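Quick look at input_18.cif (mmCIF, C-alpha atoms):
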data_data
#
loop_
_atom_site.label_atom_id
_atom_site.label_comp_id
_atom_site.auth_asym_id
_atom_site.auth_seq_id
_atom_site.Cartn_x
_atom_site.Cartn_y
_atom_site.Cartn_z
CA MET M 19 -68.16 153.08 97.42
CA MET M 20 -71.49 154.75 97.84
CA ASP M 21 -71.91 158.26 99.05
CA ARG M 22 -73.96 157.92 102.21
CA GLU M 23 -75.60 161.26 101.51
CA SER M 24 -76.42 160.61 97.84
CA PRO M 25 -80.10 161.33 97.28
CA VAL M 26 -82.37 158.34 97.85
CA THR M 27 -85.19 157.83 95.37
CA GLU M 28 -88.79 157.03 96.18
CA ASP M 29 -88.34 153.63 94.52
CA GLU M 30 -85.49 152.91 96.88
CA LEU M 31 -87.65 153.69 99.88
CA HIS M 32 -90.19 151.13 98.68
CA ALA M 33 -87.46 148.64 97.96
CA PHE M 34 -86.13 149.23 101.48
CA VAL M 35 -89.52 148.40 102.98
CA ASP M 36 -90.02 145.35 100.78
CA GLY M 37 -86.56 143.90 101.28
CA GLU M 38 -85.66 144.49 97.63
CA LEU M 39 -82.91 147.04 98.19
CA PRO M 40 -79.46 145.97 96.97
CA ALA M 41 -77.13 145.37 99.91
CA ASP M 42 -74.78 148.17 98.83
CA ARG M 43 -77.54 150.78 99.18
CA GLN M 44 -78.77 149.64 102.57
CA ALA M 45 -76.47 151.91 104.59
CA ALA M 46 -77.13 154.91 102.37
CA VAL M 47 -80.91 154.59 102.76
CA GLU M 48 -80.65 154.13 106.49
CA ALA M 49 -78.50 157.22 106.81
CA TRP M 50 -80.96 159.13 104.63
CA LEU M 51 -83.88 158.12 106.81
CA ALA M 52 -82.05 159.17 109.96
CA ALA M 53 -81.56 162.60 108.45
CA HIS M 54 -85.03 162.93 106.89
CA PRO M 55 -87.74 162.31 109.48
CA GLU M 56 -90.53 162.86 106.96
CA ASP M 57 -89.31 160.02 104.78
CA ALA M 58 -88.72 157.93 107.88
CA ALA M 59 -92.34 158.52 108.84
CA ARG M 60 -93.55 157.45 105.39
CA VAL M 61 -91.46 154.30 105.51
CA SER M 62 -92.82 153.54 108.92
CA THR M 63 -96.41 154.05 107.73
CA TRP M 64 -95.85 151.74 104.76
CA ARG M 65 -94.49 149.11 107.11
CA ALA M 66 -97.52 149.47 109.35
CA GLN M 67 -99.77 149.09 106.29
CA SER M 68 -97.97 145.93 105.27
CA GLU M 69 -98.29 144.56 108.76
CA SER M 70 -102.02 145.22 108.97
CA ILE M 71 -102.63 143.64 105.57
CA LYS M 72 -100.75 140.56 106.73
CA ALA M 73 -102.54 140.55 110.08
CA ARG M 74 -105.89 140.69 108.31
CA TYR M 75 -105.30 138.03 105.65
CA ALA M 76 -102.40 135.76 106.62
CA GLY M 77 -104.77 133.48 108.53
CA ILE M 78 -106.67 132.55 105.35
CA ALA M 79 -103.72 130.48 104.17
CA LEU M 80 -103.80 128.50 107.41
CA GLU M 81 -107.45 127.47 107.02
CA PRO M 82 -108.10 123.97 105.78
CA VAL M 83 -108.71 124.00 102.03
CA PRO M 84 -112.45 123.60 101.33
CA ALA M 85 -113.50 120.34 99.73
CA ARG M 86 -114.52 122.00 96.50
CA LEU M 87 -110.94 123.14 95.92
CA GLU M 88 -109.39 119.73 96.41
CA LEU M 89 -107.23 118.99 93.43
CA ALA M 90 -108.19 115.35 93.12
CA ARG M 91 -111.82 116.32 92.92
CA LEU M 92 -111.29 119.08 90.37
CA ARG M 93 -109.21 116.76 88.28
CA ARG M 94 -111.88 114.09 88.36
CA LEU M 95 -114.46 116.62 87.22
CA GLU M 96 -112.08 117.80 84.53
CA ARG M 97 -111.45 114.27 83.32
CA ARG M 98 -115.11 113.53 83.30
CA TRP M 99 -115.78 116.57 81.15
CA THR M 100 -113.00 115.64 78.79
CA ARG M 101 -114.28 112.13 78.57
CA ALA M 102 -117.80 113.38 77.97
CA ALA M 103 -116.56 115.73 75.27
CA ALA M 104 -114.54 112.97 73.64
CA ALA M 105 -117.52 110.68 73.84
CA ALA M 106 -119.66 113.31 72.17
CA VAL M 107 -117.19 113.65 69.32
CA ILE M 108 -116.90 109.93 68.80
CA ALA M 109 -120.63 109.49 69.05
CA ALA M 110 -121.05 112.03 66.30
CA PHE M 111 -119.10 109.72 64.01
CA LEU M 112 -120.21 106.34 65.20
CA ILE M 113 -123.87 105.78 64.65
CA GLY M 114 -125.41 102.58 65.85
CA GLY M 115 -124.56 100.32 68.70
CA LEU M 116 -121.66 102.35 69.99
CA LEU M 117 -123.70 105.51 70.07
CA GLY M 118 -125.88 104.30 72.88
CA TRP M 119 -122.93 103.35 75.02
CA PHE M 120 -121.02 106.56 74.67
CA GLY M 121 -124.19 108.56 74.95
CA ARG M 122 -124.94 106.99 78.26
CA GLU M 123 -121.50 107.81 79.56
CA MET M 124 -121.91 111.38 78.44
CA VAL M 125 -125.24 111.86 80.12
CA GLU M 126 -124.08 110.40 83.39
CA GLY M 127 -120.79 112.24 83.52
CA GLY M 128 -122.00 115.59 82.34
CA SER M 129 -125.47 115.67 83.79
CA VAL M 130 -126.15 118.79 85.77
CA LEU M 131 -127.75 116.77 88.51
CA GLY M 132 -124.70 114.57 88.85
CA LYS M 133 -122.54 117.61 89.30
CA THR M 134 -124.26 120.26 91.34
CA LEU M 135 -126.89 118.56 93.41
CA THR M 136 -124.80 115.60 94.46
CA THR M 137 -121.93 117.95 95.22
CA ASP M 138 -124.20 119.92 97.54
CA ALA M 139 -125.46 116.73 99.12
CA ILE M 140 -122.01 115.23 99.61
CA ASP M 141 -120.67 118.50 101.00
CA ALA M 142 -123.53 118.59 103.49
CA HIS M 143 -122.86 114.97 104.32
CA LYS M 144 -119.18 115.65 105.02
CA LEU M 145 -120.02 118.73 107.03
CA TYR M 146 -122.61 117.19 109.33
CA VAL M 147 -121.68 113.55 109.83
CA VAL M 148 -118.63 114.57 111.84
CA GLU M 149 -120.77 116.57 114.25
CA VAL M 150 -121.00 114.83 117.58
CA ARG M 151 -123.24 117.16 119.55
CA HIS M 152 -125.34 118.84 116.86
CA PRO M 153 -125.53 116.62 113.81
CA VAL M 154 -129.20 117.45 113.31
CA GLU M 155 -131.69 120.18 114.13
CA VAL M 156 -134.56 117.86 114.97
CA PRO M 157 -133.78 114.48 116.52
CA GLY M 158 -135.11 111.20 115.14
CA ALA M 159 -137.19 110.75 118.27
CA GLU M 160 -139.43 113.49 116.88
CA ALA M 161 -139.64 111.91 113.44
CA ALA M 162 -143.25 112.83 112.83
CA HIS M 163 -142.61 116.50 113.58
CA LEU M 164 -139.40 116.46 111.57
CA VAL M 165 -141.03 115.03 108.48
CA GLN M 166 -143.97 117.37 108.75
CA TRP M 167 -141.72 120.40 109.10
CA LEU M 168 -139.42 119.47 106.22
CA SER M 169 -142.34 118.60 103.95
CA LYS M 170 -143.89 121.97 104.64
CA ARG M 171 -140.68 123.79 103.76
CA LEU M 172 -139.92 121.66 100.71
CA GLY M 173 -143.42 121.95 99.34
CA TYR M 174 -143.77 118.22 98.84
CA ASP M 175 -144.26 115.20 100.98
CA LEU M 176 -140.86 114.06 102.22
CA ARG M 177 -140.95 110.77 104.04
CA ALA M 178 -138.19 109.38 106.21
CA PRO M 179 -137.56 105.88 104.91
CA ASP M 180 -137.51 103.21 107.58
CA LEU M 181 -134.09 101.57 107.29
CA ALA M 182 -134.19 99.64 110.56
CA ALA M 183 -134.37 96.39 108.62
CA ILE M 184 -130.86 97.03 107.35
CA GLY M 185 -129.58 98.19 110.70
CA LEU M 186 -129.89 101.97 110.37
CA LYS M 187 -131.72 104.21 112.77
CA LEU M 188 -132.84 107.76 112.07
CA VAL M 189 -130.62 110.29 113.90
CA GLY M 190 -132.74 113.20 112.77
CA GLY M 191 -132.71 115.87 110.14
CA ARG M 192 -132.29 119.48 109.23
CA LEU M 193 -133.24 122.03 106.64
CA LEU M 194 -130.60 123.18 104.16
CA PRO M 195 -130.48 125.63 101.29
CA GLY M 196 -131.14 123.76 98.06
CA PRO M 197 -130.57 124.52 94.39
CA SER M 198 -133.97 126.21 94.15
CA GLY M 199 -135.30 126.86 97.61
CA ALA M 200 -135.03 124.43 100.45
CA ALA M 201 -133.49 120.99 100.73
CA GLY M 202 -134.29 118.34 103.33
CA PHE M 203 -131.50 116.41 104.98
CA LEU M 204 -131.98 113.21 107.00
CA MET M 205 -129.24 111.40 108.84
CA TYR M 206 -129.10 107.70 109.66
CA GLU M 207 -126.65 105.83 111.81
CA GLY M 208 -125.49 102.22 111.63
CA PRO M 209 -124.46 99.87 114.44
CA SER M 210 -120.82 100.93 114.42
CA GLY M 211 -121.51 104.65 114.21
CA GLU M 212 -121.22 104.97 110.43
CA ARG M 213 -123.55 107.60 109.09
CA PHE M 214 -125.59 107.87 105.95
CA THR M 215 -127.52 110.91 104.81
CA LEU M 216 -130.45 111.38 102.51
CA TYR M 217 -130.66 114.75 100.80
CA SER M 218 -133.75 115.78 98.91
CA ALA M 219 -134.73 118.84 96.94
CA ARG M 220 -137.11 119.86 94.21
CA TRP M 221 -135.51 119.24 90.84
CA ASP M 222 -137.25 119.58 87.52
CA ALA M 223 -135.67 116.82 85.52
CA PRO M 224 -136.76 113.59 83.92
CA GLU M 225 -136.99 110.56 86.13
CA THR M 226 -133.82 108.54 86.51
CA ALA M 227 -132.82 105.22 87.95
CA LEU M 228 -130.23 104.94 90.70
CA ARG M 229 -126.93 106.45 89.70
CA TYR M 230 -123.62 106.18 91.43
CA ARG M 231 -121.16 108.92 92.18
CA ASP M 232 -117.81 108.35 93.79
CA ALA M 233 -116.28 111.28 95.71
CA GLY M 234 -113.27 109.65 97.30
CA GLN M 235 -114.02 108.46 100.84
CA ILE M 236 -117.66 109.33 100.36
CA ALA M 237 -119.94 108.10 97.63
CA ALA M 238 -123.54 108.67 96.71
CA PHE M 239 -126.43 107.13 94.85
CA TYR M 240 -128.84 109.63 93.42
CA TRP M 241 -132.10 109.55 91.57
CA VAL M 242 -134.94 111.76 90.43
CA ASP M 243 -138.58 110.90 90.91
CA SER M 244 -141.56 113.19 90.23
CA ASN M 245 -139.37 116.30 90.11
CA ARG M 246 -137.77 115.47 93.41
CA ALA M 247 -134.12 114.59 93.59
CA TYR M 248 -132.72 112.30 96.25
CA VAL M 249 -129.10 111.73 97.14
CA MET M 250 -128.07 108.98 99.53
CA SER M 251 -124.49 109.59 100.67
CA GLY M 252 -122.28 107.46 102.85
CA PRO M 253 -118.91 105.76 103.17
CA ALA M 254 -117.74 104.54 99.77
CA ASP M 255 -118.76 100.91 100.11
CA ARG M 256 -120.67 100.62 96.88
CA ASP M 257 -122.60 97.43 97.58
CA ARG M 258 -123.78 98.46 101.00
CA LEU M 259 -124.64 101.96 99.84
CA ARG M 260 -126.58 100.54 96.90
CA MET M 261 -128.59 98.34 99.24
CA ILE M 262 -129.42 101.31 101.47
CA ALA M 263 -130.23 103.61 98.56
CA GLN M 264 -132.36 100.89 96.96
CA SER M 265 -134.35 100.46 100.14
CA ALA M 266 -134.93 104.22 100.40
CA TYR M 267 -135.77 104.37 96.70
CA ASP M 268 -138.38 101.63 97.03
CA GLN M 269 -140.00 103.33 99.99
CA LEU M 270 -139.94 106.81 98.50
CA GLU M 271 -141.13 105.91 95.04
CA THR M 272 -144.28 107.94 94.53
CA ARG M 273 -146.24 105.09 93.02
CA GLY M 274 -144.98 102.69 95.64
CA PRO M 275 -146.77 101.61 98.78
CA GLY M 276 -145.10 104.30 100.92
CA LYS M 277 -144.08 102.60 104.09
CA GLY M 278 -142.42 105.76 105.39
CA SER M 279 -143.02 107.03 108.86
CA SER M 280 -145.24 109.95 107.91
CA MET Q 23 -96.71 116.02 86.05
CA SER Q 24 -96.81 114.80 89.60
CA ALA Q 25 -94.37 117.55 90.55
CA PHE Q 26 -96.71 119.96 88.81
CA ALA Q 27 -99.65 118.66 90.81
CA LYS Q 28 -97.67 118.92 94.00
CA ASP Q 29 -96.72 122.53 93.29
CA LEU Q 30 -100.31 123.26 92.41
CA GLU Q 31 -101.59 121.73 95.60
CA ALA Q 32 -99.02 123.51 97.75
CA THR Q 33 -100.05 126.88 96.33
CA ILE Q 34 -103.79 126.60 97.03
CA PRO Q 35 -103.67 128.14 100.55
CA ALA Q 36 -101.69 131.13 99.28
CA LEU Q 37 -104.04 131.54 96.32
CA ARG Q 38 -107.00 131.60 98.69
CA ARG Q 39 -105.30 134.27 100.78
CA TYR Q 40 -104.49 136.42 97.77
CA ALA Q 41 -107.97 135.99 96.29
CA ARG Q 42 -109.63 136.88 99.57
CA ALA Q 43 -107.62 140.07 99.94
CA LEU Q 44 -108.20 140.89 96.29
CA THR Q 45 -111.99 140.45 96.45
CA ARG Q 46 -112.70 140.80 100.20
CA ASP Q 47 -115.43 138.18 99.77
CA ALA Q 48 -114.92 134.58 100.86
CA GLU Q 49 -117.30 133.07 98.32
CA ILE Q 50 -116.07 135.01 95.31
CA ALA Q 51 -112.49 134.37 96.38
CA ASP Q 52 -112.89 130.60 96.43
CA ASP Q 53 -114.76 130.73 93.12
CA LEU Q 54 -111.75 132.51 91.67
CA VAL Q 55 -109.35 129.96 93.11
CA GLN Q 56 -111.46 127.13 91.74
CA ASP Q 57 -111.53 128.70 88.27
CA THR Q 58 -107.79 129.24 88.49
CA LEU Q 59 -107.11 125.62 89.38
CA VAL Q 60 -109.43 124.28 86.70
CA ARG Q 61 -107.76 126.48 84.12
CA ALA Q 62 -104.32 125.40 85.30
CA LEU Q 63 -105.27 121.73 85.06
CA ARG Q 64 -106.74 122.26 81.64
CA SER Q 65 -103.70 124.06 80.24
CA GLN Q 66 -101.14 122.00 82.07
CA HIS Q 67 -99.68 120.90 78.72
CA LEU Q 68 -98.97 124.56 77.91
CA PHE Q 69 -96.82 124.94 80.97
CA HIS Q 70 -93.16 124.30 80.20
CA GLY Q 71 -91.16 124.68 83.36
CA GLY Q 72 -90.81 127.89 85.29
CA ASP Q 73 -92.48 128.91 88.49
CA VAL Q 74 -95.92 127.33 88.91
CA ARG Q 75 -96.72 129.77 91.68
CA SER Q 76 -96.20 132.87 89.53
CA TRP Q 77 -98.18 131.29 86.76
CA LEU Q 78 -101.12 130.64 89.10
CA TYR Q 79 -100.99 134.20 90.42
CA THR Q 80 -101.07 135.38 86.81
CA ILE Q 81 -104.15 133.31 85.99
CA LEU Q 82 -105.96 134.43 89.11
CA THR Q 83 -105.08 138.09 88.58
CA ASN Q 84 -106.37 137.93 85.01
CA LEU Q 85 -109.55 136.10 85.94
CA ASN Q 86 -110.31 138.70 88.57
CA ARG Q 87 -109.70 141.49 86.10
CA ASN Q 88 -112.15 139.83 83.70
CA ARG Q 89 -114.63 139.40 86.50
CA LEU Q 90 -114.48 143.09 87.41
CA ARG Q 91 -114.85 144.05 83.78
CA SER Q 92 -117.98 141.98 83.31
CA LEU Q 93 -119.25 143.29 86.63
CA ALA Q 94 -118.72 146.86 85.47
CA ARG Q 95 -120.94 146.16 82.48
CA ARG Q 96 -123.73 145.07 84.77
CA PRO Q 97 -125.50 147.75 86.79
CA ALA Q 98 -125.46 148.06 90.58
CA LEU Q 99 -124.52 144.70 91.94
CA SER Q 100 -121.86 145.37 94.49
CA PRO Q 101 -120.80 142.38 96.58
CA LEU Q 102 -119.75 144.05 99.78
CA GLY Q 103 -120.47 141.18 102.13
CA ASP Q 104 -117.85 140.37 104.68
CA ALA Q 105 -118.56 136.71 105.14
CA ASP Q 106 -115.80 135.98 107.58
CA ALA Q 107 -116.08 138.98 109.88
CA PRO Q 108 -117.22 136.95 112.89
CA GLN Q 109 -114.01 134.93 112.77
CA MET Q 110 -111.94 138.03 113.27
CA ALA Q 111 -110.77 138.34 116.82
CA GLY Q 112 -108.23 140.96 117.90
CA PRO Q 113 -107.41 143.13 114.91
CA GLU Q 114 -111.06 143.35 113.89
CA ALA Q 115 -111.21 147.12 113.66
CA GLY Q 116 -107.89 147.35 111.88
CA GLY Q 117 -109.04 144.60 109.53
CA ARG Q 118 -112.07 146.63 108.54
CA ASP Q 119 -109.93 149.69 107.89
CA ILE Q 120 -107.67 147.64 105.69
CA GLU Q 121 -110.58 146.22 103.75
CA ARG Q 122 -111.97 149.67 103.13
CA ALA Q 123 -108.57 150.97 102.10
CA LEU Q 124 -108.04 148.06 99.71
CA ALA Q 125 -111.52 148.49 98.27
CA ALA Q 126 -110.70 152.09 97.43
CA LEU Q 127 -107.70 151.17 95.27
CA VAL Q 128 -107.62 150.70 91.52
CA GLU Q 129 -107.47 146.97 90.71
CA ASP Q 130 -103.94 146.94 89.28
CA GLN Q 131 -102.60 148.88 92.25
CA ARG Q 132 -104.38 146.62 94.70
CA SER Q 133 -103.02 143.54 93.00
CA ALA Q 134 -99.46 144.92 92.91
CA LEU Q 135 -99.57 145.88 96.57
CA LEU Q 136 -100.97 142.52 97.67
CA LEU Q 137 -98.56 140.47 95.58
CA VAL Q 138 -95.62 142.29 97.15
CA VAL Q 139 -96.81 142.71 100.71
CA LEU Q 140 -99.00 139.69 101.32
CA GLU Q 141 -97.62 137.12 98.89
CA GLY Q 142 -94.00 138.14 99.12
CA LEU Q 143 -93.35 138.20 95.38
CA SER Q 144 -90.36 140.13 94.13
CA TYR Q 145 -90.90 143.23 91.98
CA ARG Q 146 -89.67 141.26 89.00
CA GLU Q 147 -92.19 138.49 89.62
CA VAL Q 148 -95.02 140.98 90.01
CA ALA Q 149 -93.98 142.56 86.71
CA GLU Q 150 -94.28 139.13 85.09
CA VAL Q 151 -97.65 138.43 86.69
CA GLN Q 152 -99.05 141.78 85.63
CA GLY Q 153 -97.34 141.70 82.27
CA VAL Q 154 -95.82 145.18 82.65
CA PRO Q 155 -92.31 146.63 83.14
CA ILE Q 156 -90.92 146.83 86.67
CA GLY Q 157 -91.19 150.63 86.54
CA THR Q 158 -94.96 150.30 86.17
CA VAL Q 159 -95.10 147.96 89.15
CA MET Q 160 -93.15 150.50 91.19
CA SER Q 161 -95.49 153.33 90.34
CA ARG Q 162 -98.55 151.17 91.06
CA LEU Q 163 -97.07 150.28 94.41
CA ALA Q 164 -96.29 153.91 95.19
CA ARG Q 165 -99.82 155.00 94.24
CA ALA Q 166 -101.36 152.22 96.28
CA ARG Q 167 -99.36 153.19 99.34
CA ALA Q 168 -100.05 156.86 98.96
CA ASP Q 169 -103.78 156.23 98.56
CA GLN Q 170 -103.77 154.02 101.59
CA ILE Q 171 -102.25 156.79 103.61
CA LEU Q 172 -105.04 159.12 102.49
CA SER Q 173 -107.68 156.67 103.56
CA ARG Q 174 -106.00 156.12 106.92
CA ARG Q 175 -105.41 159.76 107.76
CA ARG Q 176 -106.91 159.37 111.19
CA ALA Q 177 -104.56 156.61 112.25
CA PRO Q 178 -102.65 157.59 115.37
CA ARG Q 179 -99.04 158.50 114.84
CA ALA Q 180 -96.17 157.11 116.84
CA PRO Q 181 -93.20 159.34 116.14
CA SER Q 182 -90.72 157.67 118.48
CA ARG Q 183 -91.30 154.26 116.90
CA GLU Q 184 -90.97 155.74 113.46
CA MET Q 185 -87.59 157.18 114.30
CA ASN Q 186 -86.39 153.91 115.72
CA GLU Q 187 -87.38 152.02 112.64
CA GLY Q 188 -85.77 154.62 110.46
CA ARG Q 189 -82.51 154.15 112.24
CA SER Q 190 -82.56 150.44 112.74
CA GLN Q 191 -79.36 148.81 111.59
#

Full structure transcribed into structure tokens:
Amino acid sequence: MMDRESPVTEDELHAFVDGELPADRQAAVEAWLAAHPEDAARVSTWRAQSESIKARYAGIALEPVPARLELARLRRLERRWTRAAAAAVIAAFLIGGLLGWFGREMVEGGSVLGKTLTTDAIDAHKLYVVEVRHPVEVPGAEAAHLVQWLSKRLGYDLRAPDLAAIGLKLVGGRLLPGPSGAAGFLMYEGPSGERFTLYSARWDAPETALRYRDAGQIAAFYWVDSNRAYVMSGPADRDRLRMIAQSAYDQLETRGPGKGSS
Amino acid sequence: MSAFAKDLEATIPALRRYARALTRDAEIADDLVQDTLVRALRSQHLFHGGDVRSWLYTILTNLNRNRLRSLARRPALSPLGDADAPQMAGPEAGGRDIERALAALVEDQRSALLLVVLEGLSYREVAEVQGVPIGTVMSRLARARADQILSRRRAPRAPSREMNEGRSQ
């Protein structure tokens, strides 16, 4: 039996507000509050505080989880790092033929380009390909203007590869923030509405050949040429994507003939 | 392991909410959540049963404490951006008040208050997360609430409602 008038502690008032008060003290605290308006006012203020904190932040938990926090993706990155680290350890012991193989794995998995730039490109791809009304800032009909504008902002000559031969038409493009300054973003569309995007930004790194990166539903081929990085992203059909990336690669290669539309 | 992954996945929205309230910056908050998840995945083998959720709150709370410490060592770089303000509809003004009030709190008090009020952890769980006795959690909570009152002095009072709540059975 609790004395209904036994003094109530400050801790109990908090516990009352937070639903942590033992059941056998509930009545005592309620009686106390009825008799002590000042404490009742404090309790009420605390409740109001709690409510406004919830009102302000509860919605965050209802937002879709951003792609970069997807567990599968983080785990893949993790695994790749682990594999790269393991490869590095093994490579330190195994000199010779094996070294080359593990070394290659390490470079591909752990390369900064493979991680950050393609992540940016794939994120942009995911963000914009679903747009129906505003997928691009400048439509493909104004290709010459688009290419001129992007080139000016990028500080190098970005051409829009002509992919009509493999059934893709230029939807248009937009300017995006890149790893160091601006990035150019071109979108292509195939006969059944599937979209591919080419992302390009300045990137001071040695030249590479085409490299593949799988990001679940979406995949990308990326390469570096004359300190410019390119990422071709699209639905994860590796053979088709390779063909498209190869065609863009051939047209964009600085020493190549340059059949682009600029 | 798959149960672990499922628990991890299910906690991400709550972690984002907690991190956002803790940092009041969308970008920093998601960075914190990402670091928390990566760390959890990496030390999965160290986790032997128990509540995954509490464990994740612990990691995030510690990472944020480290972040603030390293920030304090660097001069004048205060991230006060409110990236998601335009999304706020009705309680916009109240939301701003709350952000300011939270910003004014000491980190351990802010974390205690948010874990209880926003995340619904019990006092005992908060004590575990913060690695302190329950008594310390209680005093942090009391300080946080008192300080919040100070910063919200101008809030209009509603005596009749207060009395009703006080008496509610």

* Could you list the residues in chain M lying within 7 Å of chain Q, using only C-alpha atoms, and format the result as a list of chain:residue names? => M:Asp29, M:Glu48, M:Leu51, M:Ala52, M:Ala58, M:Ala59, M:Ser62, M:Trp64, M:Ser68, M:Ser70, M:Ile71, M:Lys72, M:Arg74, M:Tyr75, M:Ala76, M:Ile78, M:Ala79, M:Leu80, M:Val83, M:Leu87, M:Leu89, M:Leu92

Write a file of the selected residues as a PDB file, in the coordinates of the input, keeping C-alpha atoms.
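Full text of result-v3.pdb as output:
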ATOM      1  CA  ASP M  29     -88.340 153.630  94.520  1.00  0.00           C
ATOM      2  CA  GLU M  48     -80.650 154.130 106.490  1.00  0.00           C
ATOM      3  CA  LEU M  51     -83.880 158.120 106.810  1.00  0.00           C
ATOM      4  CA  ALA M  52     -82.050 159.170 109.960  1.00  0.00           C
ATOM      5  CA  ALA M  58     -88.720 157.930 107.880  1.00  0.00           C
ATOM      6  CA  ALA M  59     -92.340 158.520 108.840  1.00  0.00           C
ATOM      7  CA  SER M  62     -92.820 153.540 108.920  1.00  0.00           C
ATOM      8  CA  TRP M  64     -95.850 151.740 104.760  1.00  0.00           C
ATOM      9  CA  SER M  68     -97.970 145.930 105.270  1.00  0.00           C
ATOM     10  CA  SER M  70    -102.020 145.220 108.970  1.00  0.00           C
ATOM     11  CA  ILE M  71    -102.630 143.640 105.570  1.00  0.00           C
ATOM     12  CA  LYS M  72    -100.750 140.560 106.730  1.00  0.00           C
ATOM     13  CA  ARG M  74    -105.890 140.690 108.310  1.00  0.00           C
ATOM     14  CA  TYR M  75    -105.300 138.030 105.650  1.00  0.00           C
ATOM     15  CA  ALA M  76    -102.400 135.760 106.620  1.00  0.00           C
ATOM     16  CA  ILE M  78    -106.670 132.550 105.350  1.00  0.00           C
ATOM     17  CA  ALA M  79    -103.720 130.480 104.170  1.00  0.00           C
ATOM     18  CA  LEU M  80    -103.800 128.500 107.410  1.00  0.00           C
ATOM     19  CA  VAL M  83    -108.710 124.000 102.030  1.00  0.00           C
ATOM     20  CA  LEU M  87    -110.940 123.140  95.920  1.00  0.00           C
ATOM     21  CA  LEU M  89    -107.230 118.990  93.430  1.00  0.00           C
ATOM     22  CA  LEU M  92    -111.290 119.080  90.370  1.00  0.00           C
TER      23      LEU M  92
END

What residues have an atom no more than 12 Å from (-114.8, 117.8, 96.7) in the file's own frame, counting only C-alpha atoms, and can you write them as a tab-separated table (two decimals) with C-alpha atoms, in the frame of the given file?
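In the end it all went to point_38.tsv:
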chain	number	residue	atom	x	y	z
M	83	VAL	CA	-108.71	124.00	102.03
M	84	PRO	CA	-112.45	123.60	101.33
M	85	ALA	CA	-113.50	120.34	99.73
M	86	ARG	CA	-114.52	122.00	96.50
M	87	LEU	CA	-110.94	123.14	95.92
M	88	GLU	CA	-109.39	119.73	96.41
M	89	LEU	CA	-107.23	118.99	93.43
M	90	ALA	CA	-108.19	115.35	93.12
M	91	ARG	CA	-111.82	116.32	92.92
M	92	LEU	CA	-111.29	119.08	90.37
M	93	ARG	CA	-109.21	116.76	88.28
M	94	ARG	CA	-111.88	114.09	88.36
M	95	LEU	CA	-114.46	116.62	87.22
M	133	LYS	CA	-122.54	117.61	89.30
M	134	THR	CA	-124.26	120.26	91.34
M	136	THR	CA	-124.80	115.60	94.46
M	137	THR	CA	-121.93	117.95	95.22
M	138	ASP	CA	-124.20	119.92	97.54
M	139	ALA	CA	-125.46	116.73	99.12
M	140	ILE	CA	-122.01	115.23	99.61
M	141	ASP	CA	-120.67	118.50	101.00
M	142	ALA	CA	-123.53	118.59	103.49
M	143	HIS	CA	-122.86	114.97	104.32
M	144	LYS	CA	-119.18	115.65	105.02
M	145	LEU	CA	-120.02	118.73	107.03
M	231	ARG	CA	-121.16	108.92	92.18
M	232	ASP	CA	-117.81	108.35	93.79
M	233	ALA	CA	-116.28	111.28	95.71
M	234	GLY	CA	-113.27	109.65	97.30
M	235	GLN	CA	-114.02	108.46	100.84
M	236	ILE	CA	-117.66	109.33	100.36
M	237	ALA	CA	-119.94	108.10	97.63
Q	56	GLN	CA	-111.46	127.13	91.74

* Asked: Which residues come within 9 Å of Ala223 of chain M, counting all atoms listed in the file, excluding same-chain residues fewer than 5 positions away, as JSON, numbers by chain?
  -> {"M": [131, 242, 243, 244, 245, 246, 247]}

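Going from atom CA of Gly158 of chain M to atom CA of Leu135 of chain M covers 24.4 Å.
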
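Summary of the local environment: counting all atoms listed in the file, residues at most 9 Å from segment 258-273 of chain M, other than itself and those fewer than 4 positions away along its chain, are Leu176, Arg177, Ala178, Pro179, Asp180, Leu181, Ile184, Leu186, Phe214, Leu216, Leu228, Tyr230, Ala237, Ala238, Phe239, Tyr240, Trp241, Asp243, Ser244, Tyr248, Val249, Met250, Ser251, Gly252, Pro253, Ala254, Lys277 and Gly278 of chain M.
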
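Atom CA of Glu49 of chain Q to atom CA of Leu137 of chain Q spans 20.3 Å [interatomic distance, one decimal].
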
* Near Gln44 of chain M, counting only C-alpha atoms, which residues have an atom at most 10 Å away, once you skip same-chain residues fewer than 3 positions from it, shown as a PyMOL selection string? -> (chain M and resi 22+30+33-34+37-41+47-50) or (chain Q and resi 191)

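When the PyMOL selection byres ((chain Q and resi 153) around 12) is evaluated on the file shown here, the picked residues come out as Ser76, Trp77, Tyr79, Thr80, Ile81, Thr83, Asn84, Asp130, Ala134, Tyr145, Arg146, Glu147, Val148, Ala149, Glu150, Val151, Gln152, Val154, Pro155, Ile156, Gly157, Thr158 and Val159 of chain Q.
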
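Atom CA of His67 of chain Q to atom CA of Asn86 of chain Q spans 23.0 Å [interatomic distance, one decimal].
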
Would you compute an axis-aligned box for segment 48-56 of chain M, covering every atom listed for it in the file with 6 Å of margin on each side, and report centre and edge lengths in Å to one decimal as AutoDock Vina command-line options?
--center_x -84.5 --center_y 158.5 --center_z 107.3 --size_x 24.0 --size_y 20.8 --size_z 17.3

* To do: Could you list the residues chosen by the PyMOL selection byres ((chain M and resi 159-169) around 10) in this structure as number ranges by chain?
  => M: 155-158, 170-178, 188-194, 200-204, 218, 278-280
